[in-house]
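To start, the structure under review is shown below, and the notes come after it.
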Amino acid sequence: MKILNNMNLTFLIVGLLSSCSQPPVSIEEADKLYFQMKPAEAYQMYEQIWSDSSHSEKDRAESARKLATMAWLINDKPDQAYDILRDLEEFDYEKSKGYAVWSRVLSEEGQHEKAIEMAKQAITTSESVSQTYSGQARLGIAVLEKYKESILNGTWKKEYSFSEDLVNTQATIQAIMAESPGDISLSKLHLALSLLVDKHEEAYQGWLSFYRADDKGNVHSTQEGPKSLLSSGLLRTGSITENQAKSIVDGLAKSGFIEYAVLALKLHEGSVSFKEPRFQDLLNYYQTLQNIEEHTVTFYRTNAAGDSDKDSYDNAMRSEASSLWDKLNWEGEKPEFDQRKFMMEMRKRFGMVARLMTANGHYGLSLGHVVLDENREVSQYDKQGTLRYIAIDHMLSNGYSSWFWDGRAEIGGWAPDGSSILQVRSAYSDGPVNAWMGVSDPVEVADTREEIMKNQSSDDAIAKEDPYAYLPGLSKRLRFNIGMELLEELKSQGLEGSQLRAAFINTTENLALESSIFAHEGRHAIDKKYSGDLSTEELEYRAKLSEIYFSSKPFLAVNAVLGPNNGDGTSHGDSNRRVVKGIVKWMKKNKSDIKDLDLNRPMLPQLDQLTEEQLKVAVNSLDPLAK
């Protein structure tokens, strides 16, 4: 390995000295601190692992990647991230993932050519199907960011549409889409790249894929209007007319693709007049979103550093809203600004839904755009009701915790009142793709089996100290076994190839929606309607019981309760611990009925010895509505 920089050398010395007096740390402990949103403690523990050669190369490499991401995203120190990643180059283990992180940081910092080079390195050094897939997606994003910047700053040239890197990248993403359907993020990328290379029919297919159109091209009724606009603008022969260009911009904007609508507007503004008020409003709205995002990231970073100023952030949000209000075009006299009117107007014009809220113990912003709106019937025990189900996507922010966890977990939705459920669609789109990779990629499967074996004894040791603690091995085992079980179920139906992949991803996503949205958020609405004034923790506790009991795959749902935030002092974490305590108590009471239960071992690591029916009975026994 090359000589460490001074900062890393200092960390190495500190790590060696501290190891003499402190018990050894583990990456599972570091992950737990990370998911509990304790940045300083998590960073320090990842640092100790990275700097200590007694740890496995796998754990050290994973810790280094997390350190680099935290250094850039949370601490706003990209140079520190680069130092870590340069040292990581000397490691042979999963080099591809390190280059992918490097590419991402470079891209976000505007170093587009270097970001593209690192993405290519991620592809070249990949050792598995999933690493190649991730590297190709990373390259697509890096190339898009390069050309997106030129469009937005006015330096785009028409000949760029024929540039080798853009054309080749679009072709690669299109090929992946054909072989590996179901990835929402990739569909969005495919749409953008196709627009830039003037492959309009393929852009239309990317849009349909994003909205999960069926084999006949049908989408949810919420998107029928935008679909009609886009089809009239994109499915054409010959040169684009002014009306067709306007249809593309309108269709993208009305379906939540605000940034892509602005890109389309700027791509065509040289030959088409876009001086109409609605397009000026679109540009001003987009600029406001950019400003809000900058304020929000700054607020999150200061919050992570323990020095946040909620009042200043609220004032900045109000100022941005008021400024946009004054810039908008109005039919007749402009109404006087207030926050409620602003929210209603943004929903009407742009489909925006936003709220400032405290979630998982931290204040932040959730802001997205409506992609689906319908009524749903919810029924639990003898209680039922009609709920408005709204899905939002194209998120500018999904709260502090989602930002902090950086895609490893997200806020899935909320019930703002007793008559509606809001689901954050993007929170459910990546997990199923990752789950597919985890059961279909031989390298990933082998690694997971090895991890499960390694964690079994450590789980028992943790549970002996705390019988209700987060057990990383149990969580990984449940997730893997459920995925393999679903894979075999779908194979038994004769599915294979791209059809098998699409069915697995769709089914996994639907299972998550079934439990964490319709059961969980539905229970919130029912409790608010029937159970009076309950504490936040009690509401979460009951919702988690429903999440498990009303799931067709209850072990998938219970795994969400077994997370690292167990008992962390937040309403979610403390309610998770209550559920775990209740299940363990039931297992002890009914131990003679549990097949192959080892009474010499703690209960919780043997949770998967329960049948699905037993798990439901255990949860049912805890629920006030079931009594």
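In the structure tokens, each chain is lettered A, B, ... as it comes, each chain's residues begin at 1, and ligands are numbered from 1 in order of appearance.
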| said: I need the residues in range 336-379 of chain A that are strand (DSSP E or B) according to DSSP; give them as a VMD selection string. | reply: chain A and resid 352 to 359 362 to 379
| task | May I have the residues within 8 Å of range 349-359 of chain A as a ChimeraX atom specification, using only C-alpha atoms and disregarding those fewer than 5 positions away in the same chain? | result | /A:253-254,256,343,364-370,392,399-401
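When only C-alpha atoms are used to measure the gap to Glu444 in chain A, the shortest distance among A:Val129, A:Leu229, A:Val619, A:Ile421 belongs to A:Val129.
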| request: Run DSSP on the backbone and grab whatever in range 463-519 of chain A lands in helix (DSSP H, G or I); send it over as an MDAnalysis selection string. | output: chainID A and resid 463:465 472:491 497:519
Given the selection you just returned, output its residues as a file containing C-alpha atoms, formatted as a JSON list (two decimals), in the first residue's frame.
[["chain", "number", "residue", "atom", "x", "y", "z"],
["A", 463, "ALA", "CA", -28.79, -11.56, 22.33],
["A", 464, "LYS", "CA", -27.30, -12.91, 25.55],
["A", 465, "GLU", "CA", -26.36, -9.35, 26.47],
["A", 472, "PRO", "CA", -27.51, -8.21, 11.85],
["A", 473, "GLY", "CA", -27.25, -11.92, 11.06],
["A", 474, "LEU", "CA", -30.93, -12.58, 11.67],
["A", 475, "SER", "CA", -31.93, -9.60, 9.57],
["A", 476, "LYS", "CA", -29.70, -10.65, 6.68],
["A", 477, "ARG", "CA", -30.89, -14.29, 6.93],
["A", 478, "LEU", "CA", -34.57, -13.34, 6.87],
["A", 479, "ARG", "CA", -34.12, -11.01, 3.91],
["A", 480, "PHE", "CA", -32.11, -13.59, 1.95],
["A", 481, "ASN", "CA", -34.41, -16.54, 2.71],
["A", 482, "ILE", "CA", -37.54, -14.60, 1.78],
["A", 483, "GLY", "CA", -35.94, -13.55, -1.51],
["A", 484, "MET", "CA", -34.89, -17.10, -2.36],
["A", 485, "GLU", "CA", -38.35, -18.40, -1.46],
["A", 486, "LEU", "CA", -40.02, -15.84, -3.73],
["A", 487, "LEU", "CA", -37.58, -16.61, -6.54],
["A", 488, "GLU", "CA", -38.45, -20.31, -6.40],
["A", 489, "GLU", "CA", -42.18, -19.55, -6.30],
["A", 490, "LEU", "CA", -41.92, -17.49, -9.49],
["A", 491, "LYS", "CA", -39.72, -20.06, -11.22],
["A", 497, "GLY", "CA", -35.10, -14.44, -17.99],
["A", 498, "SER", "CA", -36.37, -10.86, -18.12],
["A", 499, "GLN", "CA", -39.91, -11.97, -17.25],
["A", 500, "LEU", "CA", -38.68, -13.61, -14.05],
["A", 501, "ARG", "CA", -36.70, -10.50, -13.13],
["A", 502, "ALA", "CA", -39.64, -8.15, -13.76],
["A", 503, "ALA", "CA", -42.04, -10.38, -11.81],
["A", 504, "PHE", "CA", -39.64, -10.63, -8.86],
["A", 505, "ILE", "CA", -39.12, -6.85, -8.70],
["A", 506, "ASN", "CA", -42.83, -6.05, -9.07],
["A", 507, "THR", "CA", -43.86, -8.64, -6.48],
["A", 508, "THR", "CA", -41.24, -7.48, -3.99],
["A", 509, "GLU", "CA", -42.32, -3.88, -4.38],
["A", 510, "ASN", "CA", -46.00, -4.77, -4.03],
["A", 511, "LEU", "CA", -45.30, -6.76, -0.87],
["A", 512, "ALA", "CA", -43.53, -3.77, 0.65],
["A", 513, "LEU", "CA", -46.43, -1.49, -0.28],
["A", 514, "GLU", "CA", -48.94, -3.96, 1.10],
["A", 515, "SER", "CA", -47.34, -3.95, 4.54],
["A", 516, "SER", "CA", -45.57, -0.63, 5.06],
["A", 517, "ILE", "CA", -48.09, 1.59, 3.29],
["A", 518, "PHE", "CA", -51.55, 0.05, 3.16],
["A", 519, "ALA", "CA", -51.27, -1.89, 6.44]]
| Within 10 Å of Asn243 in chain A using only C-alpha atoms, minus same-chain residues under 4 positions, as number ranges by chain | A: 232-233, 247-249, 272
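CA of Ser457 in chain A is found 27.3 Å from CA of Leu67 in chain A.
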| Polymer residues at most 8 Å from Thr288 in chain A, only C-alpha atoms, same-chain spacing of 4 or more positions, as a PyMOL selection string | chain A and resi 284+292+320-321+324
Using only N, CA and C atoms, please write the residues we just selected to a file, as a PDB file, in the first residue's frame.
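Result saved to result_15.pdb:
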ATOM      1  N   ASN A 284     -39.003  29.453 -13.297  1.00  0.00           N
ATOM      2  CA  ASN A 284     -38.897  30.050 -11.970  1.00  0.00           C
ATOM      3  C   ASN A 284     -39.125  29.012 -10.873  1.00  0.00           C
ATOM      4  N   ILE A 292     -34.102  25.799  -2.809  1.00  0.00           N
ATOM      5  CA  ILE A 292     -34.588  25.071  -1.636  1.00  0.00           C
ATOM      6  C   ILE A 292     -33.680  23.889  -1.330  1.00  0.00           C
ATOM      7  N   GLU A 320     -38.181  31.772   0.088  1.00  0.00           N
ATOM      8  CA  GLU A 320     -38.170  31.205  -1.267  1.00  0.00           C
ATOM      9  C   GLU A 320     -39.590  31.085  -1.818  1.00  0.00           C
ATOM     10  N   ALA A 321     -40.518  30.643  -0.971  1.00  0.00           N
ATOM     11  CA  ALA A 321     -41.908  30.511  -1.405  1.00  0.00           C
ATOM     12  C   ALA A 321     -42.502  31.864  -1.769  1.00  0.00           C
ATOM     13  N   LEU A 324     -41.045  33.161  -5.100  1.00  0.00           N
ATOM     14  CA  LEU A 324     -41.640  32.502  -6.264  1.00  0.00           C
ATOM     15  C   LEU A 324     -43.049  33.013  -6.499  1.00  0.00           C
TER      16      LEU A 324
END
| task | Return the single residue from A:Ile184, A:Val443, A:Leu622, A:Val297 that is closest to Ser128 in chain A, with distances computed using only C-alpha atoms. | result | A:Val443
| query | Could you name the residues that touch Leu152 in chain A at 10 Å or less, counting only C-alpha atoms, but leaving out those on the same chain fewer than 2 positions away, as a PyMOL selection string? | reply | chain A and resi 147-150+154-156+259+262-263+266-267
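CA of Val558 in chain A is positioned 8.9 Å from CA of Val580 in chain A.
Between CA of Trp207 in chain A and CA of Leu191 in chain A lies a distance of 6.0 Å.
For the set A:Ser56, A:Ser419, A:Ser228, A:Thr125, the residue with the smallest atom-to-atom gap to Gly385 in chain A is A:Ser419, counting only C-alpha atoms.
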| said: For a quick check of understanding, using only C-alpha atoms, which of A:Asn75, A:Ser552, A:Thr296, A:Thr611 has the smallest distance to Lys310 in chain A? | reply: A:Thr296
Contacts of Ala461 in chain A within 10 Å, only C-alpha atoms, excl. fewer than 5 positions in-chain, as a compact mmCIF listing (two decimals) with N, CA, C and O atoms, in the first residue's frame:
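Listed below is the output, result.txt:
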# COMPACT_ATOMS: atom_id res chain seq x y z
N ASN A 455 -22.29 -14.51 11.00
CA ASN A 455 -23.06 -13.74 11.97
C ASN A 455 -23.83 -14.59 12.98
O ASN A 455 -24.31 -14.06 13.99
N GLN A 456 -23.95 -15.90 12.73
CA GLN A 456 -24.82 -16.70 13.59
C GLN A 456 -24.34 -16.70 15.04
O GLN A 456 -25.13 -16.45 15.97
N ASP A 466 -28.37 -8.59 25.38
CA ASP A 466 -29.63 -7.84 25.24
C ASP A 466 -30.57 -8.70 24.42
O ASP A 466 -30.41 -8.83 23.21
N PRO A 467 -31.57 -9.34 25.04
CA PRO A 467 -32.44 -10.30 24.34
C PRO A 467 -33.32 -9.68 23.27
O PRO A 467 -33.97 -10.41 22.51
N LEU A 471 -30.07 -7.69 15.55
CA LEU A 471 -29.20 -8.82 15.21
C LEU A 471 -28.94 -8.79 13.71
O LEU A 471 -29.80 -9.18 12.91
N ARG A 601 -30.27 -21.65 23.65
CA ARG A 601 -29.91 -20.43 22.93
C ARG A 601 -30.94 -19.33 23.22
O ARG A 601 -32.08 -19.62 23.59
N PRO A 602 -30.59 -18.06 23.03
CA PRO A 602 -31.57 -16.98 23.17
C PRO A 602 -32.71 -17.14 22.17
O PRO A 602 -32.55 -17.80 21.12
N PRO A 605 -32.62 -14.85 18.14
CA PRO A 605 -31.90 -15.36 16.97
C PRO A 605 -32.60 -16.55 16.31
O PRO A 605 -32.24 -16.92 15.18
| request: Tell me which of A:Tyr470, A:Asn590, A:Val433, A:Tyr211 sits closest to Leu562 in chain A, counting only C-alpha atoms. | output: A:Tyr470
| task | Give the answer as one residue: which of A:Arg86, A:Lys97, A:Lys528, A:Lys38 has the shortest atom-to-atom distance to Glu62 in chain A, using only C-alpha atoms? | result | A:Lys97
